[in-house]
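Participant: Please find one structure pasted underneath; my questions will follow.
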Amino acid sequence: MYNTGYELLKITKEKKIKISDVVVQNECKVLEKSESEIRNKMKENLKVMIESSKQGLDGEIKSISGLIGGDAKRVNDYINTKKTTICGNTLNKAMARALSCSEINAAMGKIIAAPTAGSCGILPASIITSAEVLNLDENAMINALFTAAGIGQIIAKNATLSGAEGGCQAECGSASAMAAAAIVEMAGGTPEMSLNAAAIALKNILGLVCDPIAGLVEAPCAKRNASGTVNAMLAADLALAGVKSIIPFDEVVEAMYNVGKSLPHELRETALGGVAATKSGKEIENNIFDK
Amino acid sequence: MDNYSVFDILGPIMIGPSSSHTAGAAKIGKLARKISGNDFDSVLFYLHGSFAKTYKGHGTDRALVAGILGMEPYDERLRGSLKIANKKGIKVKFVETDLGYRHPNTVKIVFYKKGKKQDEIIGSSIGGGNVIITNINGYKVEFTGDYPTLITRQYDRPGIISKVTAIFATNNINIGKMKVNRKGKGQEASMVIETDSEIPNEAIKKILQINEIISARAINLRKKEV
């Protein structure tokens, strides 16, 4: 078992295997199941991810509270009707997919908590879009999910994945780090590059607060899924280009945990601070719950 | 440091929007149904803390009803559970309340049949879709439903525990955790036993034959199934 990024890297070097291989081998031991059983279960997860990243692109999804919805379709229509966009088709498509997952979640549709329901769009959007760009198959996406889960296991062990404990950096930040490492492996990067990408992605969102309007997993969550996806993709490209994180991954995880613990409770999913506590945020809250 | 499965990190498959307010609520509802049995025609939900404050926006009400109808947290019918309950002739009602010093995501579920109270169960959703049942009919308990669980009511007499555990031993069932509670010396008591393997019907039948046993029910559901 690997408790840290350092240990994970050591195993990949000793056995000359990929991060996803280490994670799969460990999982077989933990669950006492065969590799094919575990892969099949991950395939089920991937199916739900693909579906939830698609549903919001063509039809307008409205959340139960009515606060969010339709943005995934807006971005998808924007790519389809504009010849040129600032970020290009790849990033726009990725953002649309992340928004779709978040909107499906807020509309009580089926999603995978990855690692949480609030951050459920980042991993599907990053992996599906990267597979499209790199022309990779379902199997490569399943491997990528194992790589991502391995990074998530290490963050869960040494820090937290909960917004109530560590703020949005612990949810969307972790999802972004997991996705960044996974994309690097998909693109043929080394395990070191994966950990550099994860460290860069997490550092970029360090300190982000969890301030859901009206306490609902809707806003600003959905847009942070879009930005978390772009963050994962840019961190992956930086790492693949050879850019290194000056602070090693394990220390970034430790820093994230310490920052989370020092956030006041108003900024940890209580809807008492941040944008939730603004004049407009409060008005929205009153309107939703006075219905 | 716990050892996390990759499916603790990527999962559960669930109906949104919140693992604690939706998936966890459905799980509590389903456990309550397993504890009480499916013989009820109306259910009262007392919502506490964050459940009381945000249940409409998180679909906690629909999730709880889906649970007591026997649905899983990933069942897409969850969204329409209130209508399904209505069709089945099951009345549901939600009451915002203060259950005292408890986890912020707590619900008390009371089952009725023809106006007569059947069972009263309190459970909390403690994060990531994980739940804990803390009270059954006034008895303090503590179990998660992640392991097969036996719940009994019995008279507080010497030797009753060994009679029950002897039946487990002959069925080769290992006990993981056990909690015994009573109203008073020699009065009614309750036992909650979590085991490593499923509790077969034959074992329950044998347990029900023990003189001091008033009721026995097994909850056989496993969490980490591949």
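Letters A, B, ... mark the chains of the structure tokens in the order given; residue numbers begin at 1 per chain; ligand numbers begin at 1, in order shown.
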Per residue of chain B within 8 Å of chain A, which atom pair is closest and at what distance in Å (one decimal), using only C-alpha atoms, listed by chain and increasing number, as a Markdown table?
Facilitator:
```
| residue | atom | partner | partner_atom | distance |
| --- | --- | --- | --- | --- |
| B:Met1 | CA | A:Lys157 | CA | 5.6 |
| B:Asp2 | CA | A:Lys157 | CA | 6.5 |
| B:Asn3 | CA | A:Lys157 | CA | 7.6 |
| B:Tyr4 | CA | A:Gln153 | CA | 6.0 |
| B:Ser5 | CA | A:Glu27 | CA | 6.5 |
| B:Val6 | CA | A:Ala149 | CA | 5.3 |
| B:Phe7 | CA | A:Ala149 | CA | 7.9 |
| B:Ile9 | CA | A:Pro115 | CA | 5.1 |
| B:Leu10 | CA | A:Ala114 | CA | 4.7 |
| B:Gly11 | CA | A:Ala113 | CA | 4.8 |
| B:Pro12 | CA | A:Ala113 | CA | 5.8 |
| B:Ile13 | CA | A:Ile112 | CA | 4.6 |
| B:Met14 | CA | A:Lys110 | CA | 5.5 |
| B:Ile15 | CA | A:Lys110 | CA | 4.4 |
| B:Gly16 | CA | A:Asn105 | CA | 4.3 |
| B:Pro17 | CA | A:Asn105 | CA | 4.7 |
| B:Ser18 | CA | A:Ala117 | CA | 5.7 |
| B:Ser19 | CA | A:Ala117 | CA | 6.1 |
| B:Thr54 | CA | A:Gly215 | CA | 7.2 |
| B:Lys56 | CA | A:Phe289 | CA | 7.8 |
| B:Gly57 | CA | A:Ser65 | CA | 5.5 |
| B:His58 | CA | A:Leu216 | CA | 6.7 |
| B:Gly59 | CA | A:Met108 | CA | 7.6 |
| B:Tyr74 | CA | A:Lys110 | CA | 6.6 |
| B:Glu76 | CA | A:Lys110 | CA | 6.9 |
| B:Arg79 | CA | A:Met108 | CA | 6.4 |
| B:Gly128 | CA | A:Thr116 | CA | 7.1 |
| B:Lys224 | CA | A:Leu31 | CA | 7.9 |
| B:Val226 | CA | A:Lys41 | CA | 6.3 |
```
Participant: Given the selection you just returned, output its residues as a file containing C-alpha atoms, formatted as a short mmCIF file (atom, residue, chain, number, x, y, z; two decimals), in the first residue's frame.
Facilitator:
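Contents of out29.cif, freshly written:
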```
data_model
loop_
_atom_site.label_atom_id
_atom_site.label_comp_id
_atom_site.auth_asym_id
_atom_site.auth_seq_id
_atom_site.Cartn_x
_atom_site.Cartn_y
_atom_site.Cartn_z
CA MET B 1 -5.13 6.55 8.54
CA ASP B 2 -7.84 4.46 6.95
CA ASN B 3 -7.35 2.32 3.90
CA TYR B 4 -9.64 3.69 1.23
CA SER B 5 -10.89 1.59 -1.65
CA VAL B 6 -10.79 3.38 -5.02
CA PHE B 7 -14.58 3.11 -4.94
CA ILE B 9 -12.95 7.89 -3.71
CA LEU B 10 -14.86 7.45 -6.99
CA GLY B 11 -18.35 6.74 -5.80
CA PRO B 12 -21.00 6.13 -4.80
CA ILE B 13 -23.12 6.11 -7.93
CA MET B 14 -25.93 8.29 -6.68
CA ILE B 15 -28.81 10.58 -7.46
CA GLY B 16 -27.70 14.16 -6.75
CA PRO B 17 -27.28 16.71 -5.44
CA SER B 18 -25.64 15.87 -2.10
CA SER B 19 -24.01 12.70 -0.83
CA THR B 54 -32.40 22.58 3.51
CA LYS B 56 -36.43 20.85 -0.02
CA GLY B 57 -33.42 22.19 -1.94
CA HIS B 58 -31.47 18.95 -1.49
CA GLY B 59 -34.34 16.58 -2.21
CA TYR B 74 -28.83 5.42 -7.22
CA GLU B 76 -33.60 7.10 -10.82
CA ARG B 79 -36.85 11.98 -7.93
CA GLY B 128 -19.99 10.93 1.91
CA LYS B 224 -18.57 -2.87 -0.71
CA VAL B 226 -18.16 -5.58 -6.58
#
```
Participant: Just want the 12 Å neighbourhood of A:Asn89, counted on only C-alpha atoms, with same-chain residues fewer than 3 positions away dropped. Output as number ranges by chain.
Facilitator: A: 75-86, 92-96, 129, 132-133
Participant: Let me make sure I understand: among A:Ile61, A:Met186, A:Leu136, A:Ala241, which one has the smallest atom-to-atom distance to A:Lys18 if we use only C-alpha atoms?
Facilitator: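 Answer, going by the shortest atom-to-atom distance: A:Met186.
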Participant: Can you tell me, as a PyMOL selection string, what residues are no more than 12 Å from B:Tyr112 when counting only C-alpha atoms, ignoring any on the same chain fewer than 3 positions away?
Facilitator: chain B and resi 33+36-45+90-93+109+115-120
Participant: Please provide as an MDAnalysis selection string all residues within 10 Å of stretch 190-193 of chain B, with the sequence filter that same-chain residues fewer than 3 positions apart are discarded (counting only C-alpha atoms).
Facilitator: chainID B and resid 136:143 147:156 161 164:165 175:183 213:218
Participant: Rounded to one decimal place, report the atom CA of B:Gly24-atom CA of B:Gly67 distance in Å.
Facilitator: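 Separation of atom CA of B:Gly24 and atom CA of B:Gly67: 9.6 Å.
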Participant: According to DSSP computed on the backbone, where in stretch 18-212 of chain A is there helix (DSSP H, G or I)? Give the residues as a PyMOL selection string.
Facilitator: chain A and resi 19-31+35-58+71-81+88-106+122-134+138-158+163-166+168-186+191-204
Participant: Enumerate, as a PyMOL selection string, the complete set of residues in stretch 99-199 of chain B that a backbone-based DSSP assignment places in strand (DSSP E or B).
Facilitator: chain B and resi 105-113+116-127+130-136+139-143+149-155+175-182+188-195
Participant: Figure out the distance between atom CA of A:Cys168 and atom CA of A:Ala276, please, to one decimal in Å.
Facilitator: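 A separation of 13.4 Å between them.
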Participant: Give me the residues within 9 Å of stretch 246-252 of chain A as a ChimeraX atom specification, counting only C-alpha atoms and dropping any in the same chain fewer than 3 places off.
Facilitator: /A:4-6,154-155,158,195-200,202-203,206,255-257
Participant: Can you measure atom CA of B:Glu96 to atom CA of B:Leu82 for me? One decimal in Å is fine.
Facilitator: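 Atom-to-atom, atom CA of B:Glu96 and atom CA of B:Leu82 are spaced 17.6 Å apart.
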Participant: Env of A:Pro264: 12 Å cut, atoms = only C-alpha atoms, seq-sep filter 5 positions within chain, self excluded. Answer as a PyMOL selection string.
Facilitator: chain A and resi 164-167+207+209-211+259+269-274
Participant: Could the residues in this selection be written to a file with all heavy atoms, as a short mmCIF file (atom, residue, chain, number, x, y, z; two decimals), in the first residue's frame?
Facilitator:
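Final output, saved to part-v2.cif:
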```cif
data_model
loop_
_atom_site.label_atom_id
_atom_site.label_comp_id
_atom_site.auth_asym_id
_atom_site.auth_seq_id
_atom_site.Cartn_x
_atom_site.Cartn_y
_atom_site.Cartn_z
N ALA A 164 -16.76 20.57 4.05
CA ALA A 164 -17.09 21.00 5.41
C ALA A 164 -15.83 21.03 6.27
O ALA A 164 -15.75 21.75 7.26
CB ALA A 164 -18.12 20.05 6.02
N GLU A 165 -14.84 20.23 5.89
CA GLU A 165 -13.61 20.18 6.66
C GLU A 165 -12.52 21.09 6.08
O GLU A 165 -11.81 21.76 6.81
CB GLU A 165 -13.09 18.73 6.69
CG GLU A 165 -12.46 18.34 8.00
CD GLU A 165 -11.97 16.91 7.98
OE1 GLU A 165 -12.59 16.07 7.29
OE2 GLU A 165 -10.95 16.64 8.62
N GLY A 166 -12.41 21.10 4.73
CA GLY A 166 -11.29 21.80 4.12
C GLY A 166 -11.63 22.87 3.11
O GLY A 166 -10.75 23.44 2.48
N GLY A 167 -12.92 23.17 2.92
CA GLY A 167 -13.30 24.15 1.92
C GLY A 167 -13.34 23.55 0.52
O GLY A 167 -13.12 22.35 0.35
N GLY A 207 -6.66 27.33 -0.93
CA GLY A 207 -7.35 28.38 -0.18
C GLY A 207 -8.77 28.64 -0.63
O GLY A 207 -9.48 29.43 -0.01
N VAL A 209 -12.52 28.74 -0.87
CA VAL A 209 -13.51 28.52 0.19
C VAL A 209 -14.74 27.80 -0.36
O VAL A 209 -14.98 27.79 -1.56
CB VAL A 209 -13.94 29.85 0.84
CG1 VAL A 209 -12.71 30.57 1.39
CG2 VAL A 209 -14.68 30.74 -0.17
N CYS A 210 -15.50 27.17 0.54
CA CYS A 210 -16.75 26.52 0.17
C CYS A 210 -17.90 27.40 0.68
O CYS A 210 -18.10 27.51 1.88
CB CYS A 210 -16.81 25.12 0.79
SG CYS A 210 -18.33 24.23 0.43
N ASP A 211 -18.60 28.04 -0.25
CA ASP A 211 -19.60 29.04 0.15
C ASP A 211 -20.88 28.91 -0.68
O ASP A 211 -21.28 29.84 -1.38
CB ASP A 211 -19.01 30.46 0.00
CG ASP A 211 -18.38 30.69 -1.37
OD1 ASP A 211 -18.28 29.72 -2.16
OD2 ASP A 211 -18.02 31.84 -1.67
N VAL A 259 -4.25 24.67 5.44
CA VAL A 259 -5.06 25.84 5.05
C VAL A 259 -6.53 25.57 5.38
O VAL A 259 -7.22 26.42 5.94
CB VAL A 259 -4.89 26.14 3.54
CG1 VAL A 259 -5.93 27.16 3.07
CG2 VAL A 259 -3.49 26.66 3.25
N GLU A 269 -18.62 25.25 3.93
CA GLU A 269 -19.90 24.63 3.58
C GLU A 269 -21.07 25.00 4.49
O GLU A 269 -22.11 24.34 4.46
CB GLU A 269 -19.74 23.09 3.56
CG GLU A 269 -20.57 22.43 2.46
CD GLU A 269 -20.43 20.92 2.43
OE1 GLU A 269 -19.32 20.42 2.65
OE2 GLU A 269 -21.45 20.26 2.17
N THR A 270 -20.94 26.06 5.27
CA THR A 270 -22.04 26.42 6.17
C THR A 270 -22.97 27.45 5.53
O THR A 270 -24.02 27.76 6.09
CB THR A 270 -21.49 27.01 7.48
OG1 THR A 270 -20.57 28.06 7.15
CG2 THR A 270 -20.80 25.96 8.32
N ALA A 271 -22.58 28.00 4.39
CA ALA A 271 -23.36 29.03 3.71
C ALA A 271 -23.45 30.31 4.56
O ALA A 271 -24.40 31.08 4.44
CB ALA A 271 -24.75 28.53 3.33
N LEU A 272 -22.47 30.51 5.44
CA LEU A 272 -22.47 31.70 6.29
C LEU A 272 -21.46 32.75 5.83
O LEU A 272 -21.40 33.85 6.37
CB LEU A 272 -22.16 31.31 7.75
CG LEU A 272 -23.18 30.41 8.44
CD1 LEU A 272 -22.64 29.94 9.79
CD2 LEU A 272 -24.51 31.14 8.63
N GLY A 273 -20.63 32.40 4.83
CA GLY A 273 -19.60 33.32 4.38
C GLY A 273 -19.49 33.34 2.86
O GLY A 273 -20.30 32.72 2.17
N GLY A 274 -18.46 34.04 2.37
CA GLY A 274 -18.22 34.08 0.93
C GLY A 274 -19.41 34.63 0.17
O GLY A 274 -20.14 35.48 0.68
#
```
Participant: Write out as a short mmCIF file (atom, residue, chain, number, x, y, z; two decimals) with N, CA, C and O atoms, in the first residue's frame the residues lying within 6 Å of A:Leu57, counting only C-alpha atoms and excluding same-chain residues fewer than 3 positions away.
Facilitator:
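Full text of out35.cif as output:
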```
data_model
loop_
_atom_site.label_atom_id
_atom_site.label_comp_id
_atom_site.auth_asym_id
_atom_site.auth_seq_id
_atom_site.Cartn_x
_atom_site.Cartn_y
_atom_site.Cartn_z
N LYS A 54 -22.97 14.28 -20.80
CA LYS A 54 -23.59 14.47 -22.12
C LYS A 54 -24.99 15.09 -22.01
O LYS A 54 -25.37 15.93 -22.83
N ALA A 72 -24.58 24.46 -19.46
CA ALA A 72 -23.85 23.46 -20.26
C ALA A 72 -24.28 23.59 -21.72
O ALA A 72 -23.45 23.60 -22.63
N LYS A 73 -25.58 23.71 -21.92
CA LYS A 73 -26.11 23.84 -23.29
C LYS A 73 -25.65 25.17 -23.90
O LYS A 73 -25.26 25.23 -25.07
N ASN A 76 -22.12 24.73 -25.02
CA ASN A 76 -22.07 23.82 -26.17
C ASN A 76 -22.58 24.52 -27.44
O ASN A 76 -21.98 24.39 -28.51
#
```
Participant: Counting only C-alpha atoms, which of A:Met193, A:Ile68, A:Ile142, A:Ala98 gets nearest to A:Ala235?
Facilitator: A:Met193
